[in-house]
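S.K.: Sending over a structure as structure tokens; questions will come in a sec.
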Amino acid sequence: MVRGTEPVRGRVLVAGSGQGPLLRLTHPISFWGGVDPVRGVISDPRHPQFGASLAGRVLAIPSAVGSSSSSAIMLELLREKTAPAAILLGRADAILALGAVVGQELGYDPIPILEVPMEALGEFPDEGTVDVGRDGSVLLVE
Amino acid sequence: MSVSLSPAEKTLLAGETGDATAMAMRIVVAAADLLGAERLIEISSAHIDGCLHHGDGGVEFAEALVHGGGRMAVPTTLNVGAMDLLHPGIVRTDAHNTDMARRQMQAYVAMGAEPTFTCAPYQVGHEPGVGEQVAWGESNAIAFVNSVLGARTERYGDFLDACCAITGRAPLYGLHRSENRRARVVVDVSGVPDVLKTRDVFFPVLGTWLGLTVGDEVAAIEGLPLDTTRDQLKALGAAAASTGSVALFHVVGVTPEAPTLAAALGTEGTDDDGGPRSRITPTSDALRAALARLSTAGAAERIDAVAVGSPHFSLEEFTQLAAITADAGMGANGPRLAVPFYVCTARATLAEAEEQGLIEGLRAAGVEIVADTCVVVTPILPAAGGVLMTNSGKFAHYGPSTTGYEVVYGSLEDCVASAATGRLVRDSRVWSW
């Protein structure tokens with residue numbers, strides 16, 4: 001276990017802090033067509049984590065793919081309060097980040113979005129609570 | 001903030017020209033930082049994809065801009081909404097969603113965008129010239145404006161497209177820059193028989209293959225007929241932008257940045273002979289695999305509906321469809337289509353087609369016209385589901401996930417012949433080479 005060890009450093013795409021149970025996706029996802037923002041769950045039946053809830057989790061995604069309408073789904077997640085507590089992306093994605101930036105403009109509760117190499121999370125257990133700080137630190141807390 | 005702004009841009013950001021412009025500028029600057037752009041560029045036109053209702057946040061965003069005094073700084077067209085404002089009864093949805101979809105469309109019109117509500121703004125008079133810097137949304141429109149018109153846009157999506165339109169600025173990166181517009185891959189289709197390459201049914205299949213093969217790389221296609229039509233290029237780009245992230249392709253001898261292969265590669269006037277780039281020749285098996293991918297309905301013998309017009313039907317396509325149905329003797333004095341047949345188009349194109357007398361006969365044959373929207377973005381197809389036939393690579397790609405229908409792909413002629421009886425008819429001879 002790496003509890004209490006050095007935090008992983010990510011590149012801050014959208015600043016903020018958040019804490020929640022880690023949800024690590026094994027495949028890329030398109031939020032448009034892949035996430036139901038009203039329920040906050042993965043709704044693409046072809047995705048291996050189909051049915052998983054995103055709300056309040058620290059979501060680690062290898063990469064976001066697909067439609068640029070994913071910004072709109074990100075915004076709806078924030079509006080519906082079904083959004084993850086934080087998003088860690090293996091590869092920076094302007095589309096999801098833009099949805100979060102627009103959410104801040106509209107006064108929705110902000111969430112941090114970071115670019116974090118997925119290998120850096122390799123020692124994290126599959127289940128555990130993760131804390132994301134404003135400075136881009138990602139730390140396993142329990 | 002790492003992007004550097006001109007004095008005029010700082011004025012916009014400071015809110016001296018209104019709250020909406022300041023908010024739009026903050027979003028453009030945030031995007032520029034995310035994308036690593038060093039500065040912004042002035043744009044001369046915009047096409048906004050963000051008027052399609054995905055949820056009420058999109059309405060809040062658009063209305064916040066309206067309340068902040070937002071105005072489009074450049075000529076701006078609008079993509080489809082979730083409603084057919086001309087034929088509202090055609091969309092199966094509840095009162096709340098109808099109201100919100102309408103508000104989202106009207107908010108952008110209130111800010112001075114043209115109520116075009118089409119994914120093919122280039123068919124209703126919005127045609128920026130070669131080299132113009134623009135900010136367009138919607139993947140087929142992006143591919144068309146870059147490739148066929150030679151204007152320069154990146155892949156803009158919801159919110160950023162509107163913010164670019166309001167500020168008249170876009171981040172300088174990607175396909176706005178000359179060096180990123182050069183082809184990295186050469187696709188040689190000179191081996192494909194002309195009898196196939198001159199048929200409309202070929203282009204969505206080539207596009208499907210192209211998107212799967214090149215992903216987001218810029219390709220130069222060699223060996224297409226010099227009289228390849230705009231509708232064929234439109235179909236090629238739409239399919240390539242569905243299966244891949246193709247935002248720009250060149251067709252040697254046809255599209256404006258590719259008078260020659262060397263021009264497309266950016267090697268003209270240099271010692272570079274274009275040699276080291278990858279060169280791909282699609283085989284007949286590869287193209288037939290792409291063709292097969294456009295039909296998910298397996299061994300279907302019957303169809304339940306037809307949808308055409310993705311991208312939106314052009315006037316030329318209405319002319320073709322009218323001729324095909326007339327040849328089949330359909331219309332007021334003849335038989336009607338046996339299954340629902342939807343044609344999606346822009347209201348402006350519909351008006352032109354009506355003026356030319358093309359619509360009355362089609363409606364008499366049982367054709368249903370959908371304007372301002374289309375069948376894969378909002379519930380229009382009969383709820384019972386089944387098998388949907390289309391001549392569109394884009395409908396074939398998105399249909400199963402967005403409508404629940406299985407799809408079969410064929411030519412426009414095949415679609416009419418199949419809809420006449422409900423029994424699937426396809427002319428596959430053209431694919432045997």
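Labels used: A, B, ... for chains in the order of the structure tokens, numbers from 1 for residues in each chain, and numbers from 1 for ligands as shown.
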If DSSP is run on the backbone, what residues of segment 148-355 of chain B are strand (DSSP E)? A reply as an MDAnalysis selection string would be ideal.
M.R.: chainID B and resid 169:171 185:188 219:222 249:251 278:280 305:313 341:345
S.K.: Please produce a file of the residues just selected, as a JSON list (two decimals), in the first residue's frame, where the atoms kept are C-alpha atoms.
M.R.:
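File produced: out28.json:
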```json
[["chain", "number", "residue", "atom", "x", "y", "z"],
["B", 169, "ARG", "CA", -11.46, 35.38, -31.88],
["B", 170, "ALA", "CA", -10.15, 31.82, -31.81],
["B", 171, "PRO", "CA", -7.03, 30.20, -30.31],
["B", 185, "VAL", "CA", -0.69, 10.39, -45.72],
["B", 186, "VAL", "CA", -1.27, 9.75, -49.43],
["B", 187, "VAL", "CA", -4.30, 7.63, -50.32],
["B", 188, "ASP", "CA", -4.17, 6.26, -53.84],
["B", 219, "ALA", "CA", -4.72, 12.72, -46.07],
["B", 220, "ALA", "CA", -4.28, 13.61, -49.74],
["B", 221, "ILE", "CA", -6.48, 11.41, -51.92],
["B", 222, "GLU", "CA", -5.17, 10.76, -55.43],
["B", 249, "PHE", "CA", -8.58, 15.99, -46.33],
["B", 250, "HIS", "CA", -7.31, 16.95, -49.75],
["B", 251, "VAL", "CA", -8.44, 15.55, -53.10],
["B", 278, "SER", "CA", 3.00, 6.79, -45.86],
["B", 279, "ARG", "CA", 1.16, 5.82, -49.01],
["B", 280, "ILE", "CA", -1.95, 3.66, -48.72],
["B", 305, "ALA", "CA", -38.02, 3.11, -42.33],
["B", 306, "VAL", "CA", -35.64, 5.12, -44.52],
["B", 307, "ALA", "CA", -33.76, 8.25, -43.52],
["B", 308, "VAL", "CA", -31.60, 10.34, -45.84],
["B", 309, "GLY", "CA", -30.08, 13.78, -45.53],
["B", 310, "SER", "CA", -27.06, 13.51, -43.23],
["B", 311, "PRO", "CA", -25.48, 15.91, -43.90],
["B", 312, "HIS", "CA", -28.66, 17.79, -44.77],
["B", 313, "PHE", "CA", -30.07, 17.19, -48.25],
["B", 341, "PHE", "CA", -39.25, 7.85, -45.61],
["B", 342, "TYR", "CA", -37.60, 10.86, -43.94],
["B", 343, "VAL", "CA", -35.57, 13.51, -45.76],
["B", 344, "CYS", "CA", -33.65, 15.83, -43.41],
["B", 345, "THR", "CA", -32.76, 19.26, -44.73]]
```
S.K.: Could you pull the residues within 10 Å of Ala297 of chain B, counting only C-alpha atoms, minus those fewer than 2 positions along the same chain, as a PDB file with N, CA and C atoms, in the first residue's frame?
M.R.:
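Done, and the output landed in around_5.pdb:
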```
ATOM      1  N   LEU B 294     -21.235  -0.512 -42.534  1.00  0.00           N
ATOM      2  CA  LEU B 294     -22.349   0.445 -42.553  1.00  0.00           C
ATOM      3  C   LEU B 294     -23.709  -0.240 -42.448  1.00  0.00           C
ATOM      4  N   SER B 295     -23.717  -1.553 -42.398  1.00  0.00           N
ATOM      5  CA  SER B 295     -24.974  -2.280 -42.212  1.00  0.00           C
ATOM      6  C   SER B 295     -24.837  -3.167 -40.990  1.00  0.00           C
ATOM      7  N   ALA B 299     -28.757 -10.137 -41.819  1.00  0.00           N
ATOM      8  CA  ALA B 299     -29.460 -10.703 -42.969  1.00  0.00           C
ATOM      9  C   ALA B 299     -30.879 -10.159 -43.098  1.00  0.00           C
ATOM     10  N   ALA B 300     -31.056  -8.875 -42.815  1.00  0.00           N
ATOM     11  CA  ALA B 300     -32.406  -8.298 -42.896  1.00  0.00           C
ATOM     12  C   ALA B 300     -32.968  -8.455 -44.300  1.00  0.00           C
ATOM     13  N   GLU B 301     -34.228  -8.808 -44.365  1.00  0.00           N
ATOM     14  CA  GLU B 301     -34.888  -8.879 -45.674  1.00  0.00           C
ATOM     15  C   GLU B 301     -35.896  -7.769 -45.838  1.00  0.00           C
ATOM     16  N   ARG B 302     -36.278  -7.169 -44.700  1.00  0.00           N
ATOM     17  CA  ARG B 302     -37.262  -6.089 -44.765  1.00  0.00           C
ATOM     18  C   ARG B 302     -36.720  -4.867 -44.035  1.00  0.00           C
ATOM     19  N   ILE B 303     -37.222  -3.705 -44.404  1.00  0.00           N
ATOM     20  CA  ILE B 303     -36.846  -2.490 -43.688  1.00  0.00           C
ATOM     21  C   ILE B 303     -38.114  -1.863 -43.110  1.00  0.00           C
ATOM     22  N   GLY B 386     -36.682  -1.177 -35.299  1.00  0.00           N
ATOM     23  CA  GLY B 386     -36.597  -2.114 -36.410  1.00  0.00           C
ATOM     24  C   GLY B 386     -35.352  -1.856 -37.225  1.00  0.00           C
ATOM     25  N   VAL B 387     -35.528  -1.857 -38.550  1.00  0.00           N
ATOM     26  CA  VAL B 387     -34.392  -1.698 -39.453  1.00  0.00           C
ATOM     27  C   VAL B 387     -34.539  -0.379 -40.214  1.00  0.00           C
ATOM     28  N   LEU B 388     -33.503   0.434 -40.124  1.00  0.00           N
ATOM     29  CA  LEU B 388     -33.478   1.736 -40.804  1.00  0.00           C
ATOM     30  C   LEU B 388     -32.532   1.646 -41.988  1.00  0.00           C
ATOM     31  N   MET B 389     -33.021   2.041 -43.171  1.00  0.00           N
ATOM     32  CA  MET B 389     -32.143   2.072 -44.346  1.00  0.00           C
ATOM     33  C   MET B 389     -31.725   3.508 -44.610  1.00  0.00           C
ATOM     34  N   PRO B 400     -27.519   3.216 -34.930  1.00  0.00           N
ATOM     35  CA  PRO B 400     -27.786   2.192 -33.918  1.00  0.00           C
ATOM     36  C   PRO B 400     -27.726   2.729 -32.481  1.00  0.00           C
ATOM     37  N   TYR B 405     -32.378   1.711 -33.744  1.00  0.00           N
ATOM     38  CA  TYR B 405     -32.624   0.930 -34.964  1.00  0.00           C
ATOM     39  C   TYR B 405     -31.341   0.245 -35.413  1.00  0.00           C
ATOM     40  N   GLU B 406     -31.448  -0.920 -36.005  1.00  0.00           N
ATOM     41  CA  GLU B 406     -30.345  -1.490 -36.771  1.00  0.00           C
ATOM     42  C   GLU B 406     -30.347  -0.787 -38.119  1.00  0.00           C
ATOM     43  N   VAL B 407     -29.206  -0.755 -38.811  1.00  0.00           N
ATOM     44  CA  VAL B 407     -29.141  -0.012 -40.067  1.00  0.00           C
ATOM     45  C   VAL B 407     -28.736  -0.895 -41.241  1.00  0.00           C
ATOM     46  N   VAL B 408     -29.209  -0.516 -42.426  1.00  0.00           N
ATOM     47  CA  VAL B 408     -28.660  -1.071 -43.667  1.00  0.00           C
ATOM     48  C   VAL B 408     -28.344   0.093 -44.597  1.00  0.00           C
ATOM     49  N   TYR B 409     -27.248  -0.064 -45.322  1.00  0.00           N
ATOM     50  CA  TYR B 409     -26.751   1.008 -46.178  1.00  0.00           C
ATOM     51  C   TYR B 409     -26.973   0.658 -47.643  1.00  0.00           C
TER      52      TYR B 409
END
```
S.K.: Go through chain B residue by residue and, counting only C-alpha atoms, keep those with an atom at most 10 Å from chain A; for each kept residue give the shortest atom pair and its distance in Å to one decimal, ordered by chain and increasing number, as CSV.
M.R.:
```
residue,atom,partner,partner_atom,distance
B:Met23,CA,A:Glu105,CA,7.3
B:Ala24,CA,A:Val102,CA,9.5
B:Arg26,CA,A:Glu105,CA,8.9
B:Ile27,CA,A:Val101,CA,6.9
B:Val28,CA,A:Leu98,CA,9.4
B:Ala30,CA,A:Val101,CA,7.5
B:Ala31,CA,A:Leu98,CA,6.7
B:Ala32,CA,A:Ala94,CA,9.3
B:Asp33,CA,A:Leu13,CA,8.8
B:Leu34,CA,A:Ala94,CA,6.0
B:Leu35,CA,A:Ala94,CA,6.8
B:Asp49,CA,A:Ser69,CA,8.5
B:Gly50,CA,A:Ser69,CA,8.0
B:Leu52,CA,A:Ser69,CA,9.2
B:His53,CA,A:Ala72,CA,8.9
B:His54,CA,A:Ala72,CA,6.6
B:Gly55,CA,A:Glu76,CA,6.2
B:Asp56,CA,A:Glu76,CA,7.3
B:Gly57,CA,A:Glu76,CA,5.7
B:Gly58,CA,A:Ala72,CA,6.7
B:Glu60,CA,A:Leu106,CA,7.7
B:Phe61,CA,A:Leu106,CA,7.0
B:Ala64,CA,A:Leu106,CA,8.0
B:Gly137,CA,A:Ser68,CA,8.6
B:Glu138,CA,A:Ser68,CA,8.2
B:Ser139,CA,A:Ser67,CA,8.4
B:Arg155,CA,A:Ser68,CA,8.0
B:Tyr156,CA,A:Ser68,CA,7.3
B:Gly157,CA,A:Ser68,CA,4.7
B:Asp158,CA,A:Ser69,CA,5.7
B:Phe159,CA,A:Val102,CA,7.6
B:Leu160,CA,A:Leu98,CA,7.7
B:Ala241,CA,A:Ser67,CA,10.0
B:Ser242,CA,A:Gly66,CA,9.0
B:Thr243,CA,A:Gly66,CA,9.5
B:Gly244,CA,A:Gly66,CA,8.8
B:Ser245,CA,A:Gly66,CA,8.1
B:Tyr398,CA,A:Gly33,CA,9.8
B:Ser401,CA,A:Gly33,CA,7.6
B:Thr402,CA,A:Gly33,CA,7.8
```
S.K.: Please identify all polymer residues within 12 Å of Ile369 of chain B, counting only C-alpha atoms, omitting same-chain residues fewer than 2 positions from it, and present them as an MDAnalysis selection string.
M.R.: chainID B and resid 84 86:88 90 306:309 312:313 318 340:347 349:351 353:354 358:360 362:367 371:375 380
S.K.: Mind writing the picked residues with C-alpha atoms as a compact mmCIF listing (two decimals), in the first residue's frame?
M.R.:
```txt
# COMPACT_ATOMS: atom_id res chain seq x y z
CA ASP B 84 -38.27 20.97 -36.16
CA LEU B 86 -41.47 24.27 -39.04
CA HIS B 87 -43.13 20.90 -38.34
CA PRO B 88 -43.05 20.67 -34.51
CA ILE B 90 -42.82 15.44 -35.97
CA VAL B 306 -35.64 5.12 -44.52
CA ALA B 307 -33.76 8.25 -43.52
CA VAL B 308 -31.60 10.34 -45.84
CA GLY B 309 -30.08 13.78 -45.53
CA HIS B 312 -28.66 17.79 -44.77
CA PHE B 313 -30.07 17.19 -48.25
CA PHE B 318 -33.85 16.76 -53.90
CA PRO B 340 -41.84 5.96 -43.53
CA PHE B 341 -39.25 7.85 -45.61
CA TYR B 342 -37.60 10.86 -43.94
CA VAL B 343 -35.57 13.51 -45.76
CA CYS B 344 -33.65 15.83 -43.41
CA THR B 345 -32.76 19.26 -44.73
CA ALA B 346 -32.31 22.94 -44.00
CA ARG B 347 -35.38 25.19 -44.02
CA THR B 349 -33.05 24.36 -48.93
CA LEU B 350 -36.64 23.20 -48.40
CA ALA B 351 -37.91 26.63 -49.46
CA ALA B 353 -36.92 22.98 -53.44
CA GLU B 354 -40.53 24.03 -52.91
CA LEU B 358 -39.83 19.38 -56.16
CA ILE B 359 -41.58 18.91 -52.84
CA GLU B 360 -45.24 18.44 -53.72
CA LEU B 362 -42.30 13.87 -53.02
CA ARG B 363 -44.90 14.45 -50.31
CA ALA B 364 -47.55 12.84 -52.52
CA ALA B 365 -45.27 9.79 -52.76
CA GLY B 366 -45.17 9.63 -48.96
CA VAL B 367 -41.86 11.37 -48.27
CA ALA B 371 -36.24 20.60 -41.29
CA ASP B 372 -34.04 22.31 -38.65
CA THR B 373 -33.03 18.97 -37.09
CA CYS B 374 -32.51 15.30 -38.01
CA VAL B 375 -33.49 11.79 -37.01
CA ILE B 380 -38.51 11.27 -34.80
```
S.K.: With a distance cut-off of 6 Å and only C-alpha atoms, select the neighbouring residues of segment 128-135 of chain A, excluding the residue or stretch itself and same-chain residues fewer than 5 positions from it, and output the selection as a PyMOL selection string.
M.R.: chain A and resi 15-22+140-142
S.K.: Since we have the selection now, will you write its residues out, keeping N, CA and C atoms, as a PDB file, in the first residue's frame?
M.R.:
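Wrote it out as again-v8.pdb, contents follow:
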```pdb
ATOM      1  N   ALA A  15      -8.585  24.035 -12.156  1.00  0.00           N
ATOM      2  CA  ALA A  15      -8.153  24.000 -10.755  1.00  0.00           C
ATOM      3  C   ALA A  15      -9.322  23.755  -9.818  1.00  0.00           C
ATOM      4  N   GLY A  16      -9.026  23.078  -8.720  1.00  0.00           N
ATOM      5  CA  GLY A  16     -10.040  22.835  -7.705  1.00  0.00           C
ATOM      6  C   GLY A  16      -9.558  21.737  -6.799  1.00  0.00           C
ATOM      7  N   SER A  17     -10.353  21.429  -5.787  1.00  0.00           N
ATOM      8  CA  SER A  17      -9.983  20.311  -4.926  1.00  0.00           C
ATOM      9  C   SER A  17     -11.186  19.396  -4.764  1.00  0.00           C
ATOM     10  N   GLY A  18     -10.914  18.125  -4.517  1.00  0.00           N
ATOM     11  CA  GLY A  18     -12.005  17.164  -4.361  1.00  0.00           C
ATOM     12  C   GLY A  18     -11.496  15.874  -3.769  1.00  0.00           C
ATOM     13  N   GLN A  19     -12.401  15.124  -3.167  1.00  0.00           N
ATOM     14  CA  GLN A  19     -12.021  13.859  -2.548  1.00  0.00           C
ATOM     15  C   GLN A  19     -13.138  12.849  -2.763  1.00  0.00           C
ATOM     16  N   GLY A  20     -12.768  11.602  -3.024  1.00  0.00           N
ATOM     17  CA  GLY A  20     -13.784  10.572  -3.185  1.00  0.00           C
ATOM     18  C   GLY A  20     -13.164   9.235  -3.505  1.00  0.00           C
ATOM     19  N   PRO A  21     -13.993   8.185  -3.532  1.00  0.00           N
ATOM     20  CA  PRO A  21     -13.480   6.861  -3.884  1.00  0.00           C
ATOM     21  C   PRO A  21     -13.013   6.827  -5.339  1.00  0.00           C
ATOM     22  N   LEU A  22     -11.877   6.199  -5.563  1.00  0.00           N
ATOM     23  CA  LEU A  22     -11.313   6.112  -6.917  1.00  0.00           C
ATOM     24  C   LEU A  22     -12.172   5.213  -7.805  1.00  0.00           C
ATOM     25  N   LEU A 140      -3.460   9.234  -1.970  1.00  0.00           N
ATOM     26  CA  LEU A 140      -4.331   8.204  -1.403  1.00  0.00           C
ATOM     27  C   LEU A 140      -4.466   8.471   0.088  1.00  0.00           C
ATOM     28  N   VAL A 141      -5.698   8.628   0.557  1.00  0.00           N
ATOM     29  CA  VAL A 141      -5.851   8.973   1.973  1.00  0.00           C
ATOM     30  C   VAL A 141      -6.373   7.835   2.827  1.00  0.00           C
ATOM     31  N   GLU A 142      -7.005   6.844   2.250  1.00  0.00           N
ATOM     32  CA  GLU A 142      -7.396   5.676   3.063  1.00  0.00           C
ATOM     33  C   GLU A 142      -7.660   4.472   2.170  1.00  0.00           C
TER      34      GLU A 142
END
```
S.K.: What does the distance from atom CA of Ala120 of chain B to atom CA of Tyr108 of chain B come to in Å, to one decimal?
M.R.: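 Going from atom CA of Ala120 of chain B over to atom CA of Tyr108 of chain B covers 17.4 Å.
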S.K.: Need the shell around Lys197 of chain B: protein/DNA/RNA residues with any atom at most 12 Å away, counting only C-alpha atoms. Skip same-chain ones fewer than 2 positions apart. Format as a ChimeraX atom specification?
M.R.: /B:189-195,199-206,222-229,232-233,236,287,430-431,433
S.K.: Would you put the residues from that selection into a file with C-alpha atoms, as an mmCIF file, in the first residue's frame?
M.R.:
```cif
data_model
loop_
_atom_site.group_PDB
_atom_site.id
_atom_site.type_symbol
_atom_site.label_atom_id
_atom_site.label_comp_id
_atom_site.auth_asym_id
_atom_site.auth_seq_id
_atom_site.Cartn_x
_atom_site.Cartn_y
_atom_site.Cartn_z
ATOM 1 C CA VAL B 189 -7.550 5.212 -55.271
ATOM 2 C CA SER B 190 -6.433 5.140 -58.911
ATOM 3 C CA GLY B 191 -6.972 1.360 -58.886
ATOM 4 C CA VAL B 192 -10.680 1.660 -58.066
ATOM 5 C CA PRO B 193 -12.757 1.312 -61.263
ATOM 6 C CA ASP B 194 -14.345 4.526 -62.577
ATOM 7 C CA VAL B 195 -17.724 2.831 -62.673
ATOM 8 C CA ARG B 199 -21.294 6.667 -58.103
ATOM 9 C CA ASP B 200 -22.596 8.546 -55.058
ATOM 10 C CA VAL B 201 -22.776 5.266 -53.105
ATOM 11 C CA PHE B 202 -18.958 5.011 -53.184
ATOM 12 C CA PHE B 203 -18.161 8.156 -51.194
ATOM 13 C CA PRO B 204 -19.603 7.348 -47.745
ATOM 14 C CA VAL B 205 -17.791 3.999 -47.972
ATOM 15 C CA LEU B 206 -14.469 5.625 -48.895
ATOM 16 C CA GLU B 222 -5.166 10.765 -55.431
ATOM 17 C CA GLY B 223 -7.108 9.240 -58.271
ATOM 18 C CA LEU B 224 -10.664 10.525 -57.744
ATOM 19 C CA PRO B 225 -12.475 11.896 -60.824
ATOM 20 C CA LEU B 226 -11.820 15.602 -61.410
ATOM 21 C CA ASP B 227 -15.589 16.153 -61.617
ATOM 22 C CA THR B 228 -16.262 14.658 -58.166
ATOM 23 C CA THR B 229 -19.280 16.633 -56.940
ATOM 24 C CA GLN B 232 -19.891 13.424 -52.988
ATOM 25 C CA LEU B 233 -17.172 15.326 -51.092
ATOM 26 C CA LEU B 236 -16.932 11.503 -47.930
ATOM 27 C CA LEU B 287 -13.496 -1.075 -49.107
ATOM 28 C CA VAL B 430 -20.981 -2.106 -58.565
ATOM 29 C CA TRP B 431 -18.936 -3.486 -55.641
ATOM 30 C CA TRP B 433 -14.119 -5.714 -58.638
#
```
S.K.: So which residues touch Gly237 of chain B within 9 Å, counting only C-alpha atoms, skipping near sequence neighbours fewer than 6 positions away, as a VMD selection string?
M.R.: chain B and resid 139 to 144 147 203 to 204 207 to 208 211 246 to 249
